[in-house]
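A.B. asks: Below you'll find data22.pdb; it's PDB, C-alpha atoms.
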```pdb
MODEL        1
ATOM      1  CA  SER Q  14    -123.497  14.430 -56.088
ATOM      2  CA  ALA Q  15    -120.489  12.164 -55.643
ATOM      3  CA  LEU Q  16    -118.138  15.112 -56.169
ATOM      4  CA  LEU Q  17    -120.131  17.220 -53.714
ATOM      5  CA  SER Q  18    -119.911  14.447 -51.129
ATOM      6  CA  VAL Q  19    -116.150  14.281 -51.547
ATOM      7  CA  LEU Q  20    -115.805  18.057 -51.156
ATOM      8  CA  VAL Q  21    -118.001  18.057 -48.053
ATOM      9  CA  GLY Q  22    -115.945  15.211 -46.589
ATOM     10  CA  VAL Q  23    -112.693  17.039 -47.257
ATOM     11  CA  ALA Q  24    -114.063  20.271 -45.764
ATOM     12  CA  PHE Q  25    -115.217  18.436 -42.636
ATOM     13  CA  ASP Q  26    -111.842  16.710 -42.274
ATOM     14  CA  VAL Q  27    -110.010  20.042 -42.639
ATOM     15  CA  PHE Q  28    -112.214  21.686 -39.975
ATOM     16  CA  ARG Q  29    -111.897  18.741 -37.568
ATOM     17  CA  ASN Q  30    -108.098  18.605 -37.863
ATOM     18  CA  ALA Q  31    -107.738  22.374 -37.527
ATOM     19  CA  VAL Q  32    -109.684  22.414 -34.256
ATOM     20  CA  SER Q  33    -108.523  19.205 -32.615
ATOM     21  CA  LYS Q  34    -104.959  18.642 -33.833
ATOM     22  CA  PRO Q  35    -102.263  21.085 -32.763
ATOM     23  CA  PRO Q  36     -99.189  21.270 -35.039
ATOM     24  CA  ARG Q  37     -96.421  18.822 -34.297
ATOM     25  CA  SER Q  38     -93.290  20.311 -32.802
ATOM     26  CA  GLY Q  39     -90.198  19.969 -34.940
ATOM     27  CA  ARG Q  40     -86.807  18.949 -33.666
ATOM     28  CA  PRO Q  41     -84.942  21.990 -32.297
ATOM     29  CA  ILE Q  42     -81.928  23.070 -34.331
ATOM     30  CA  SER Q  43     -78.830  23.332 -32.164
ATOM     31  CA  GLY Q  44     -75.109  23.759 -32.651
ATOM     32  CA  ILE Q  45     -74.567  19.999 -33.017
ATOM     33  CA  HIS Q  46     -76.437  20.070 -36.321
ATOM     34  CA  TYR Q  47     -73.736  22.359 -37.736
ATOM     35  CA  HIS Q  48     -70.835  20.194 -36.603
ATOM     36  CA  VAL Q  49     -68.601  18.714 -39.297
ATOM     37  CA  ASP Q  50     -65.675  16.431 -38.440
ATOM     38  CA  VAL Q  51     -63.044  18.183 -40.548
ATOM     39  CA  GLU Q  52     -60.326  15.974 -39.088
ATOM     40  CA  SER Q  53     -61.972  12.890 -40.625
ATOM     41  CA  LEU Q  54     -61.712  14.598 -44.012
ATOM     42  CA  ARG Q  55     -58.022  15.298 -43.478
ATOM     43  CA  SER Q  56     -57.306  11.732 -42.306
ATOM     44  CA  SER Q  57     -59.646   9.886 -44.682
ATOM     45  CA  ARG Q  58     -56.868   7.542 -45.839
ATOM     46  CA  GLU Q  59     -56.638   6.107 -42.318
ATOM     47  CA  ARG Q  60     -60.368   6.133 -41.526
ATOM     48  CA  TRP Q  61     -62.077   5.146 -44.785
ATOM     49  CA  THR Q  62     -60.772   1.792 -45.910
ATOM     50  CA  SER Q  63     -63.219   0.494 -48.515
ATOM     51  CA  THR Q  64     -66.222   1.308 -50.688
ATOM     52  CA  SER Q  65     -69.173  -1.004 -51.209
ATOM     53  CA  GLY Q  66     -70.684  -1.834 -54.571
ATOM     54  CA  GLY Q  67     -71.912  -4.598 -56.817
ATOM     55  CA  ASP Q  68     -68.446  -6.202 -56.893
ATOM     56  CA  GLY Q  69     -68.087  -6.247 -53.136
ATOM     57  CA  ASP Q  70     -65.863  -4.047 -51.005
ATOM     58  CA  VAL Q  71     -62.875  -2.457 -52.719
ATOM     59  CA  ASP Q  72     -60.251   0.036 -51.592
ATOM     60  CA  VAL Q  73     -61.362   3.659 -51.492
ATOM     61  CA  PRO Q  74     -60.053   5.323 -54.686
ATOM     62  CA  GLU Q  75     -57.448   8.039 -54.321
ATOM     63  CA  SER Q  76     -59.846  10.471 -55.991
ATOM     64  CA  VAL Q  77     -62.179  10.231 -52.966
ATOM     65  CA  HIS Q  78     -59.338  11.113 -50.597
ATOM     66  CA  VAL Q  79     -58.371  14.053 -52.808
ATOM     67  CA  ALA Q  80     -61.966  15.288 -52.703
ATOM     68  CA  ALA Q  81     -61.977  14.931 -48.910
ATOM     69  CA  GLU Q  82     -58.811  17.023 -48.644
ATOM     70  CA  LYS Q  83     -60.311  19.735 -50.852
ATOM     71  CA  LEU Q  84     -63.379  19.857 -48.606
ATOM     72  CA  ALA Q  85     -61.259  20.096 -45.455
ATOM     73  CA  VAL Q  86     -59.384  23.084 -46.876
ATOM     74  CA  ALA Q  87     -62.476  24.868 -48.182
ATOM     75  CA  PHE Q  88     -64.810  24.137 -45.244
ATOM     76  CA  SER Q  89     -66.555  27.169 -43.749
ATOM     77  CA  LYS Q  90     -68.505  26.529 -40.557
ATOM     78  CA  SER Q  91     -72.052  27.858 -40.424
ATOM     79  CA  ALA Q  92     -74.489  28.468 -37.584
ATOM     80  CA  SER Q  93     -78.079  29.419 -36.917
ATOM     81  CA  ASP Q  94     -78.618  33.133 -37.526
ATOM     82  CA  ASP Q  95     -81.384  35.726 -37.306
ATOM     83  CA  SER Q  96     -82.640  34.913 -40.802
ATOM     84  CA  LEU Q  97     -83.203  31.253 -39.954
ATOM     85  CA  ARG Q  98     -84.810  32.076 -36.620
ATOM     86  CA  THR Q  99     -87.193  34.511 -38.333
ATOM     87  CA  PHE Q 100     -88.075  31.875 -40.917
ATOM     88  CA  LEU Q 101     -88.786  29.239 -38.252
ATOM     89  CA  GLU Q 102     -90.800  31.641 -36.123
ATOM     90  CA  GLY Q 103     -92.889  32.632 -39.140
ATOM     91  CA  SER Q 104     -93.511  28.988 -39.999
ATOM     92  CA  ALA Q 105     -94.643  28.244 -36.455
ATOM     93  CA  GLN Q 106     -96.838  31.354 -36.361
ATOM     94  CA  ALA Q 107     -98.581  30.344 -39.592
ATOM     95  CA  SER Q 108    -100.071  27.254 -37.918
ATOM     96  CA  SER Q 109    -100.506  28.585 -34.377
ATOM     97  CA  SER Q 110    -104.219  29.433 -34.809
ATOM     98  CA  ALA Q 111    -107.200  27.317 -35.855
ATOM     99  CA  ARG Q 112    -107.526  29.407 -39.013
ATOM    100  CA  GLY Q 113    -103.866  28.900 -39.875
ATOM    101  CA  ARG Q 114    -104.171  25.158 -39.340
ATOM    102  CA  ALA Q 115    -107.323  25.044 -41.493
ATOM    103  CA  VAL Q 116    -105.444  26.744 -44.324
ATOM    104  CA  ALA Q 117    -102.521  24.342 -43.922
ATOM    105  CA  TYR Q 118    -104.781  21.261 -43.951
ATOM    106  CA  ALA Q 119    -106.726  22.625 -46.946
ATOM    107  CA  LYS Q 120    -103.479  23.118 -48.846
ATOM    108  CA  GLU Q 121    -102.409  19.595 -47.936
ATOM    109  CA  ALA Q 122    -105.702  18.153 -49.213
ATOM    110  CA  ALA Q 123    -105.446  20.152 -52.454
ATOM    111  CA  TYR Q 124    -101.799  19.142 -52.823
ATOM    112  CA  HIS Q 125    -102.609  15.426 -52.684
ATOM    113  CA  SER Q 126    -105.759  15.813 -54.801
ATOM    114  CA  LEU Q 127    -103.891  17.498 -57.647
ATOM    115  CA  GLN Q 128    -101.447  14.605 -57.751
ATOM    116  CA  ARG Q 129    -104.003  11.802 -57.498
ATOM    117  CA  TYR Q 130    -106.878  13.132 -59.620
ATOM    118  CA  LEU Q 131    -105.145  15.446 -62.127
ATOM    119  CA  GLY Q 132    -101.833  13.606 -62.444
ATOM    120  CA  TRP Q 133     -99.690  16.550 -61.350
ATOM    121  CA  SER Q 134     -96.160  15.989 -60.072
ATOM    122  CA  ARG Q 135     -95.319  16.702 -56.446
ATOM    123  CA  THR Q 136     -93.332  19.771 -57.505
ATOM    124  CA  ASP Q 137     -96.120  21.286 -59.614
ATOM    125  CA  ALA Q 138     -98.782  20.606 -56.974
ATOM    126  CA  SER Q 139     -96.657  22.080 -54.183
ATOM    127  CA  GLY Q 140     -95.903  25.219 -56.182
ATOM    128  CA  PHE Q 141     -99.522  25.739 -57.185
ATOM    129  CA  VAL Q 142    -100.930  25.643 -53.640
ATOM    130  CA  ARG Q 143     -97.849  27.358 -52.126
ATOM    131  CA  ARG Q 144     -97.442  24.462 -49.745
ATOM    132  CA  ALA Q 145     -93.843  25.011 -48.692
ATOM    133  CA  THR Q 146     -90.893  27.370 -48.985
ATOM    134  CA  LEU Q 147     -87.361  26.149 -49.561
ATOM    135  CA  TYR Q 148     -84.701  27.373 -47.145
ATOM    136  CA  VAL Q 149     -81.052  26.675 -47.947
ATOM    137  CA  ALA Q 150     -79.144  29.534 -46.340
ATOM    138  CA  SER Q 151     -79.454  33.161 -45.330
ATOM    139  CA  GLU Q 152     -78.177  35.965 -47.530
ATOM    140  CA  ASP Q 153     -75.240  36.515 -45.175
ATOM    141  CA  GLN Q 154     -74.376  32.801 -45.285
ATOM    142  CA  PHE Q 155     -74.462  32.799 -49.083
ATOM    143  CA  ARG Q 156     -72.191  35.833 -49.063
ATOM    144  CA  GLN Q 157     -69.770  34.139 -46.678
ATOM    145  CA  LEU Q 158     -69.655  30.928 -48.705
ATOM    146  CA  LEU Q 159     -69.134  32.670 -52.023
ATOM    147  CA  GLY Q 160     -66.365  34.817 -50.594
ATOM    148  CA  ALA Q 161     -65.453  38.442 -51.013
ATOM    149  CA  ALA Q 162     -64.922  38.069 -54.780
ATOM    150  CA  SER Q 163     -67.269  36.758 -57.458
ATOM    151  CA  ALA Q 164     -67.180  36.244 -61.190
ATOM    152  CA  GLY Q 165     -68.856  39.618 -61.559
ATOM    153  CA  GLY Q 166     -65.500  41.345 -61.138
ATOM    154  CA  ASP Q 167     -62.891  41.914 -58.443
ATOM    155  CA  GLU Q 168     -65.710  42.369 -55.965
ATOM    156  CA  MET Q 169     -69.277  41.136 -55.902
ATOM    157  CA  GLY Q 170     -71.570  43.208 -58.083
ATOM    158  CA  VAL Q 171     -68.764  44.922 -60.011
ATOM    159  CA  PRO Q 172     -69.300  44.838 -63.824
ATOM    160  CA  ILE Q 173     -66.795  42.928 -65.959
ATOM    161  CA  ASP Q 174     -65.255  43.703 -69.315
ATOM    162  CA  ASP Q 175     -67.151  41.947 -72.107
ATOM    163  CA  GLY Q 176     -64.011  41.697 -74.234
ATOM    164  CA  GLY Q 177     -64.759  44.770 -76.301
ATOM    165  CA  GLY Q 178     -64.049  47.382 -73.650
ATOM    166  CA  ALA Q 179     -67.676  47.712 -72.540
ATOM    167  CA  LYS Q 180     -68.737  46.833 -69.022
ATOM    168  CA  LYS Q 181     -71.201  43.994 -68.614
ATOM    169  CA  PRO Q 182     -73.234  43.699 -65.391
ATOM    170  CA  PRO Q 183     -72.900  40.429 -63.460
ATOM    171  CA  MET Q 184     -75.549  37.830 -64.274
ATOM    172  CA  LEU Q 185     -76.887  34.851 -62.341
ATOM    173  CA  LEU Q 186     -78.331  31.625 -63.732
ATOM    174  CA  ASP Q 187     -80.414  29.636 -61.246
ATOM    175  CA  VAL Q 188     -81.568  26.174 -62.311
ATOM    176  CA  GLY Q 189     -84.647  24.790 -60.564
ATOM    177  CA  SER Q 190     -85.536  28.072 -58.874
ATOM    178  CA  GLY Q 191     -88.889  27.037 -57.394
ATOM    179  CA  THR Q 192     -90.615  30.080 -55.909
ATOM    180  CA  GLY Q 193     -87.411  32.130 -56.089
ATOM    181  CA  SER Q 194     -86.945  32.675 -52.350
ATOM    182  CA  GLU Q 195     -83.352  31.372 -52.403
ATOM    183  CA  THR Q 196     -82.676  32.920 -55.813
ATOM    184  CA  ALA Q 197     -83.430  36.367 -54.403
ATOM    185  CA  LYS Q 198     -81.052  35.897 -51.474
ATOM    186  CA  LEU Q 199     -78.310  34.516 -53.700
ATOM    187  CA  ALA Q 200     -78.666  37.367 -56.206
ATOM    188  CA  SER Q 201     -78.466  39.945 -53.413
ATOM    189  CA  ALA Q 202     -75.379  38.263 -51.951
ATOM    190  CA  LEU Q 203     -73.708  38.365 -55.377
ATOM    191  CA  GLY Q 204     -74.763  41.936 -56.116
ATOM    192  CA  VAL Q 205     -76.810  40.878 -59.157
ATOM    193  CA  ASP Q 206     -79.854  42.969 -60.112
ATOM    194  CA  ALA Q 207     -83.185  41.162 -60.573
ATOM    195  CA  GLU Q 208     -83.301  41.866 -64.312
ATOM    196  CA  GLN Q 209     -79.912  40.141 -64.674
ATOM    197  CA  VAL Q 210     -81.194  36.904 -63.092
ATOM    198  CA  VAL Q 211     -82.310  34.075 -65.373
ATOM    199  CA  CYS Q 212     -84.249  31.207 -63.801
ATOM    200  CA  ILE Q 213     -84.740  27.810 -65.429
ATOM    201  CA  GLU Q 214     -87.963  26.373 -64.032
ATOM    202  CA  THR Q 215     -90.325  23.863 -65.679
ATOM    203  CA  SER Q 216     -93.268  24.351 -63.297
ATOM    204  CA  THR Q 217     -95.684  26.879 -64.815
ATOM    205  CA  SER Q 218     -97.124  27.842 -61.429
ATOM    206  CA  MET Q 219     -93.654  28.643 -60.121
ATOM    207  CA  GLN Q 220     -92.674  30.483 -63.298
ATOM    208  CA  LYS Q 221     -95.325  33.107 -62.543
ATOM    209  CA  LYS Q 222     -93.926  33.651 -59.044
ATOM    210  CA  LEU Q 223     -90.445  34.103 -60.471
ATOM    211  CA  LYS Q 224     -91.643  36.655 -63.019
ATOM    212  CA  ASP Q 225     -93.411  38.527 -60.228
ATOM    213  CA  ARG Q 226     -90.010  38.905 -58.560
ATOM    214  CA  GLY Q 227     -88.641  40.550 -61.713
ATOM    215  CA  PHE Q 228     -86.548  37.571 -62.829
ATOM    216  CA  ARG Q 229     -86.287  36.356 -66.405
ATOM    217  CA  VAL Q 230     -87.680  32.850 -66.774
ATOM    218  CA  ALA Q 231     -86.963  29.991 -69.182
ATOM    219  CA  SER Q 232     -87.986  26.335 -69.286
ATOM    220  CA  SER Q 233     -84.660  25.046 -70.634
ATOM    221  CA  PHE Q 234     -81.122  26.030 -71.601
ATOM    222  CA  ALA Q 235     -82.188  26.066 -75.261
ATOM    223  CA  GLU Q 236     -84.857  28.630 -74.437
ATOM    224  CA  ILE Q 237     -82.242  30.925 -72.909
ATOM    225  CA  ALA Q 238     -80.307  30.827 -76.167
ATOM    226  CA  SER Q 239     -83.401  31.602 -78.248
ATOM    227  CA  ASN Q 240     -84.388  34.439 -75.917
ATOM    228  CA  ASP Q 241     -80.969  35.991 -76.470
ATOM    229  CA  GLY Q 242     -81.423  35.835 -80.239
ATOM    230  CA  ALA Q 243     -79.110  32.862 -80.732
ATOM    231  CA  ASP Q 244     -79.702  29.568 -82.483
ATOM    232  CA  ALA Q 245     -79.768  26.773 -79.914
ATOM    233  CA  ASP Q 246     -78.028  24.460 -82.434
ATOM    234  CA  ASP Q 247     -75.303  26.995 -83.194
ATOM    235  CA  GLU Q 248     -71.971  26.707 -81.371
ATOM    236  CA  ALA Q 249     -72.037  30.458 -80.635
ATOM    237  CA  SER Q 250     -75.274  30.067 -78.693
ATOM    238  CA  ARG Q 251     -73.438  27.959 -76.130
ATOM    239  CA  ARG Q 252     -70.948  30.699 -75.270
ATOM    240  CA  PRO Q 253     -70.610  31.544 -71.548
ATOM    241  CA  LEU Q 254     -73.121  34.153 -70.501
ATOM    242  CA  PHE Q 255     -73.284  34.180 -66.713
ATOM    243  CA  SER Q 256     -70.885  35.256 -64.021
ATOM    244  CA  SER Q 257     -72.482  32.792 -61.576
ATOM    245  CA  ALA Q 258     -74.801  29.798 -61.684
ATOM    246  CA  ALA Q 259     -76.634  27.863 -58.988
ATOM    247  CA  LEU Q 260     -78.086  24.375 -58.613
ATOM    248  CA  LEU Q 261     -79.791  24.333 -55.218
ATOM    249  CA  ASN Q 262     -81.313  20.963 -54.279
ATOM    250  CA  VAL Q 263     -81.646  20.024 -57.952
ATOM    251  CA  LEU Q 264     -79.057  17.353 -58.783
ATOM    252  CA  ASP Q 265     -80.855  14.679 -56.755
ATOM    253  CA  ARG Q 266     -84.200  15.453 -58.457
ATOM    254  CA  CYS Q 267     -83.312  15.198 -62.158
ATOM    255  CA  ASP Q 268     -82.880  12.411 -64.709
ATOM    256  CA  ASP Q 269     -79.326  13.231 -65.762
ATOM    257  CA  PRO Q 270     -77.392  15.176 -63.109
ATOM    258  CA  GLY Q 271     -74.126  14.858 -65.025
ATOM    259  CA  GLN Q 272     -75.577  16.466 -68.148
ATOM    260  CA  LEU Q 273     -77.196  19.208 -66.057
ATOM    261  CA  LEU Q 274     -73.881  19.980 -64.369
ATOM    262  CA  ASP Q 275     -72.133  20.192 -67.735
ATOM    263  CA  ALA Q 276     -74.804  22.528 -69.124
ATOM    264  CA  ALA Q 277     -74.621  24.837 -66.099
ATOM    265  CA  THR Q 278     -70.822  24.901 -66.174
ATOM    266  CA  ASP Q 279     -70.759  25.672 -69.902
ATOM    267  CA  ALA Q 280     -73.031  28.673 -69.285
ATOM    268  CA  ILE Q 281     -70.588  30.358 -66.873
ATOM    269  CA  GLU Q 282     -67.981  32.944 -67.801
ATOM    270  CA  PRO Q 283     -64.329  31.836 -67.365
ATOM    271  CA  GLY Q 284     -63.462  32.230 -63.688
ATOM    272  CA  GLY Q 285     -67.129  32.204 -62.689
ATOM    273  CA  GLN Q 286     -68.780  30.529 -59.726
ATOM    274  CA  LEU Q 287     -71.079  27.527 -59.471
ATOM    275  CA  ALA Q 288     -73.073  27.214 -56.235
ATOM    276  CA  LEU Q 289     -74.375  23.744 -55.350
ATOM    277  CA  ALA Q 290     -76.684  22.690 -52.535
ATOM    278  CA  ILE Q 291     -77.116  18.941 -52.086
ATOM    279  CA  VAL Q 292     -78.929  16.897 -49.447
ATOM    280  CA  LEU Q 293     -76.725  14.186 -47.929
ATOM    281  CA  PRO Q 294     -76.715  11.258 -48.111
ATOM    282  CA  PHE Q 295     -77.335  11.703 -51.828
ATOM    283  CA  GLY Q 296     -80.433   9.920 -53.107
ATOM    284  CA  GLY Q 297     -81.544  10.506 -56.673
ATOM    285  CA  THR Q 298     -85.338  10.602 -57.119
ATOM    286  CA  VAL Q 299     -87.436  12.033 -59.942
ATOM    287  CA  PHE Q 300     -91.001  13.111 -59.094
ATOM    288  CA  GLU Q 301     -93.508  12.837 -61.914
ATOM    289  CA  GLY Q 302     -97.231  13.151 -62.433
ATOM    290  CA  ARG Q 303     -99.273   9.951 -62.304
ATOM    291  CA  PHE Q 304    -103.066   9.591 -62.194
ATOM    292  CA  TRP Q 305    -104.671   7.683 -59.312
ATOM    293  CA  HIS Q 306    -101.452   7.321 -57.400
ATOM    294  CA  PRO Q 307    -102.050   6.281 -53.756
ATOM    295  CA  TRP Q 308    -103.197   9.201 -51.613
ATOM    296  CA  GLY Q 309    -100.422  10.847 -49.629
ATOM    297  CA  LYS Q 310     -97.581   9.299 -51.653
ATOM    298  CA  ALA Q 311     -95.761  11.249 -54.348
ATOM    299  CA  ALA Q 312     -95.209   9.362 -57.611
ATOM    300  CA  SER Q 313     -91.480   8.948 -58.139
ATOM    301  CA  ARG Q 314     -88.873   6.823 -59.876
ATOM    302  CA  ARG Q 315     -85.106   6.479 -60.175
ATOM    303  CA  PRO Q 316     -83.220   8.833 -62.509
ATOM    304  CA  ARG Q 317     -82.627   7.470 -66.012
ATOM    305  CA  ARG Q 318     -78.925   8.319 -65.802
ATOM    306  CA  PRO Q 319     -78.120   8.482 -62.073
ATOM    307  CA  MET Q 320     -74.905   9.938 -60.735
ATOM    308  CA  ALA Q 321     -72.386   7.210 -59.885
ATOM    309  CA  ILE Q 322     -71.617   7.811 -56.209
ATOM    310  CA  ARG Q 323     -69.562   5.444 -54.099
ATOM    311  CA  ALA Q 324     -70.502   4.417 -50.564
ATOM    312  CA  VAL Q 325     -67.733   4.234 -47.954
ATOM    313  CA  ALA Q 326     -68.321   0.822 -46.390
ATOM    314  CA  ASN Q 327     -67.036   1.602 -42.888
ATOM    315  CA  ALA Q 328     -68.720   5.044 -42.765
ATOM    316  CA  PRO Q 329     -72.081   4.488 -44.520
ATOM    317  CA  LYS Q 330     -73.945   7.252 -42.663
ATOM    318  CA  SER Q 331     -71.092   9.715 -42.322
ATOM    319  CA  PHE Q 332     -71.918  13.235 -43.517
ATOM    320  CA  GLU Q 333     -68.256  13.811 -44.262
ATOM    321  CA  ALA Q 334     -67.855  10.646 -46.347
ATOM    322  CA  GLY Q 335     -71.091  11.433 -48.176
ATOM    323  CA  ALA Q 336     -69.846  14.919 -49.052
ATOM    324  CA  ALA Q 337     -66.480  13.608 -50.274
ATOM    325  CA  THR Q 338     -67.971  10.910 -52.501
ATOM    326  CA  VAL Q 339     -70.456  13.370 -54.031
ATOM    327  CA  LEU Q 340     -67.669  15.869 -54.749
ATOM    328  CA  GLU Q 341     -65.580  13.063 -56.261
ATOM    329  CA  ALA Q 342     -68.468  12.136 -58.562
ATOM    330  CA  ILE Q 343     -68.941  15.763 -59.618
ATOM    331  CA  LEU Q 344     -65.256  16.365 -60.300
TER
ENDMDL
END
```
So that I can check it, write out the structure of this file as structure tokens.
C.D. replies:
Amino acid sequence: SALLSVLVGVAFDVFRNAVSKPPRSGRPISGIHYHVDVESLRSSRERWTSTSGGDGDVDVPESVHVAAEKLAVAFSKSASDDSLRTFLEGSAQASSSARGRAVAYAKEAAYHSLQRYLGWSRTDASGFVRRATLYVASEDQFRQLLGAASAGGDEMGVPIDDGGGAKKPPMLLDVGSGTGSETAKLASALGVDAEQVVCIETSTSMQKKLKDRGFRVASSFAEIASNDGADADDEASRRPLFSSAALLNVLDRCDDPGQLLDAATDAIEPGGQLALAIVLPFGGTVFEGRFWHPWGKAASRRPRRPMAIRAVANAPKSFEAGAATVLEAIL
């Protein structure tokens, strides 16, 4: 009876919110959100004077300025496009009716219940109820960022020589693929067929979605090696396999970002590409399952081996400084 009472209470709350509470309007996305001060990257030596840390403020290392210069040279300005507008319009449409809001509130209640009462992580619960869809970039934006040439050959999607004269189709490794929405766009931009995409995803609910898209799925790098008939402990099993790899919004959600970067890099063919998407300012957080965690709050902790990222003391909230210090830590 207690469980029935809880279910009735949740159902009533979902119905009441769906009828009486219209969805909150998000902040409009305008051109200012795509602005990057490239000049500050070029003149970082004059603008960024010190970094803050446990030993107090010290001079900004030369390696940070070098990273800033690399970013200034490589920067490619983006903008809102039809793909993003379609995505936003679809999101708004999904909650424009009472029925849509009821579904959204029901998903939210299930999402929090799975974490609190079954000890699921935020990632697993979100994937299971299909609570949200990641959006990093449109297919055209991925194509622009990756350039006219990829590791799949002289042009994107062109097979490469496997060393024995045979042509090998380009392959993509995507780590932390989620539902695969961004994986699909990235693969299309690179000219990689679905059967040549390997996704590393630990969430079982999301693994099913990835398989439904035609992607190959593994839970770890070792599993990729075993699936290819190689011994995970054998040096040969660590040979480069992929023409491209991607870590999209993953490095700030894992225990050892440095090790993950090394593993992804080692899996790429010589001359291949590694695509990274990182939220700035960088903040490492690992979400984990925990029974009876407070309702509405995801259980999380700090990474066990966090990435050492400097903070520019006189530009603590600067997007440009944040990007340069993250790149410096990666390189």
A.B. asks: Take every atom of stretch 89-96 of chain Q listed in the file, pad by 4 Å on each side, and give me the axis-aligned box centre and edge lengths in Å, one decimal, as lines of an AutoDock Vina configuration file.
C.D. replies:
```
center_x = -74.6
center_y = 31.1
center_z = -40.3
size_x = 24.1
size_y = 17.2
size_z = 14.8
```
A.B. asks: For the PyMOL selection byres ((chain Q and resi 275-284) around 9), applied here, can you spell out every residue it catches as a ChimeraX atom specification?
C.D. replies: /Q:163-164,185-188,234,251-260,270-274,285-287
A.B. asks: Each residue of stretch 121-232 of chain Q lying at most 8 Å from stretch 307-317 of chain Q should get a row with its shortest atom-to-atom pair and the distance in Å to one decimal, counting all atoms listed in the file; could you produce that, ordered by chain and increasing number, as JSON lines?
C.D. replies:
```
{"residue": "Q:His125", "atom": "CA", "partner": "Q:Gly309", "partner_atom": "CA", "distance": 5.9}
{"residue": "Q:Ser126", "atom": "CA", "partner": "Q:Trp308", "partner_atom": "CA", "distance": 7.8}
{"residue": "Q:Gln128", "atom": "CA", "partner": "Q:Ala311", "partner_atom": "CA", "distance": 7.4}
{"residue": "Q:Arg129", "atom": "CA", "partner": "Q:Trp308", "partner_atom": "CA", "distance": 6.5}
{"residue": "Q:Ser134", "atom": "CA", "partner": "Q:Ala312", "partner_atom": "CA", "distance": 7.1}
{"residue": "Q:Arg135", "atom": "CA", "partner": "Q:Ala311", "partner_atom": "CA", "distance": 5.9}
```
A.B. asks: Residues of the last selection are to be written out with C-alpha atoms, as a PDB file, in the coordinates of the input.
C.D. replies:
```pdb
ATOM      1  CA  HIS Q 125    -102.609  15.426 -52.684  1.00  0.00           C
ATOM      2  CA  SER Q 126    -105.759  15.813 -54.801  1.00  0.00           C
ATOM      3  CA  GLN Q 128    -101.447  14.605 -57.751  1.00  0.00           C
ATOM      4  CA  ARG Q 129    -104.003  11.802 -57.498  1.00  0.00           C
ATOM      5  CA  SER Q 134     -96.160  15.989 -60.072  1.00  0.00           C
ATOM      6  CA  ARG Q 135     -95.319  16.702 -56.446  1.00  0.00           C
TER       7      ARG Q 135
END
```
A.B. asks: Quick one: pull the distance between atom CA of Q:Arg229 and atom CA of Q:Ser216, Å, one decimal.
C.D. replies: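 Between atom CA of Q:Arg229 and atom CA of Q:Ser216 the gap works out to 14.2 Å.
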A.B. asks: Kindly provide the residues of stretch 86-173 of chain Q that approach stretch 55-61 of chain Q to within 12 Å, each paired with its closest atom pair and their distance in Å to one decimal, based on all atoms listed in the file, listed by chain and increasing number, as a Markdown table.
C.D. replies:
```
| residue | atom | partner | partner_atom | distance |
| --- | --- | --- | --- | --- |
| Q:Val86 | CA | Q:Arg55 | CA | 8.6 |
| Q:Ala87 | CA | Q:Arg55 | CA | 11.6 |
| Q:Phe88 | CA | Q:Arg55 | CA | 11.3 |
```
A.B. asks: From the set Q:Thr298, Q:Thr338, Q:Ser218, Q:Gln106, which residue has the shortest atom-to-atom contact distance to Q:Ser139, counting only C-alpha atoms?
C.D. replies: Q:Ser218
A.B. asks: For the point (-87.9, 25.0, -60.1) in file coordinates, what residues are within 8 Å, counting only C-alpha atoms? Give the answer as a PDB file with C-alpha atoms, in the coordinates of the input?
C.D. replies:
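Output file point_35.pdb is given in full below:
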```pdb
ATOM      1  CA  THR Q 136     -93.332  19.771 -57.505  1.00  0.00           C
ATOM      2  CA  VAL Q 188     -81.568  26.174 -62.311  1.00  0.00           C
ATOM      3  CA  GLY Q 189     -84.647  24.790 -60.564  1.00  0.00           C
ATOM      4  CA  SER Q 190     -85.536  28.072 -58.874  1.00  0.00           C
ATOM      5  CA  GLY Q 191     -88.889  27.037 -57.394  1.00  0.00           C
ATOM      6  CA  THR Q 192     -90.615  30.080 -55.909  1.00  0.00           C
ATOM      7  CA  ILE Q 213     -84.740  27.810 -65.429  1.00  0.00           C
ATOM      8  CA  GLU Q 214     -87.963  26.373 -64.032  1.00  0.00           C
ATOM      9  CA  THR Q 215     -90.325  23.863 -65.679  1.00  0.00           C
ATOM     10  CA  SER Q 216     -93.268  24.351 -63.297  1.00  0.00           C
ATOM     11  CA  MET Q 219     -93.654  28.643 -60.121  1.00  0.00           C
ATOM     12  CA  GLN Q 220     -92.674  30.483 -63.298  1.00  0.00           C
TER      13      GLN Q 220
END
```
A.B. asks: Go through Q:Ser151, Q:Pro41, Q:Asp72, Q:Glu333 one by one, measure the shortest atom-to-atom distance of each to Q:Thr99 using only C-alpha atoms, and give the residue with the smallest value.
C.D. replies: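 Under the stated criterion, the closest residue is Q:Ser151.
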A.B. asks: If you count only C-alpha atoms, which residues fall within 8 Å of Q:Val73, apart from same-chain ones fewer than 5 positions away, as JSON, numbers by chain?
C.D. replies: {"Q": [61, 62, 63, 64, 78, 325]}
A.B. asks: As a check of understanding, name the residues that the PyMOL selection byres ((chain Q and resi 123) around 12) selects in the supplied structure, as a ChimeraX atom specification.
C.D. replies: /Q:20,23-24,27,116-122,124-131,133,135,137-144,308-309
A.B. asks: Could you state the separation of atom CA of Q:Ile343 and atom CA of Q:Phe228 in Å, given to one decimal place?
C.D. replies: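 Value for the atom CA of Q:Ile343-atom CA of Q:Phe228 distance: 28.2 Å.
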A.B. asks: Distance atom CA of Q:Ser201-atom CA of Q:Ala290, one decimal place?
C.D. replies: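 Between atom CA of Q:Ser201 and atom CA of Q:Ala290 the gap is 17.4 Å.
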A.B. asks: Just checking: using only C-alpha atoms, which residue out of Q:Ala334, Q:Arg114, Q:Trp305, Q:Cys267 ends up closest to Q:Gly132?
C.D. replies: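 With only C-alpha atoms as the atom set, the closest residue is Q:Trp305.
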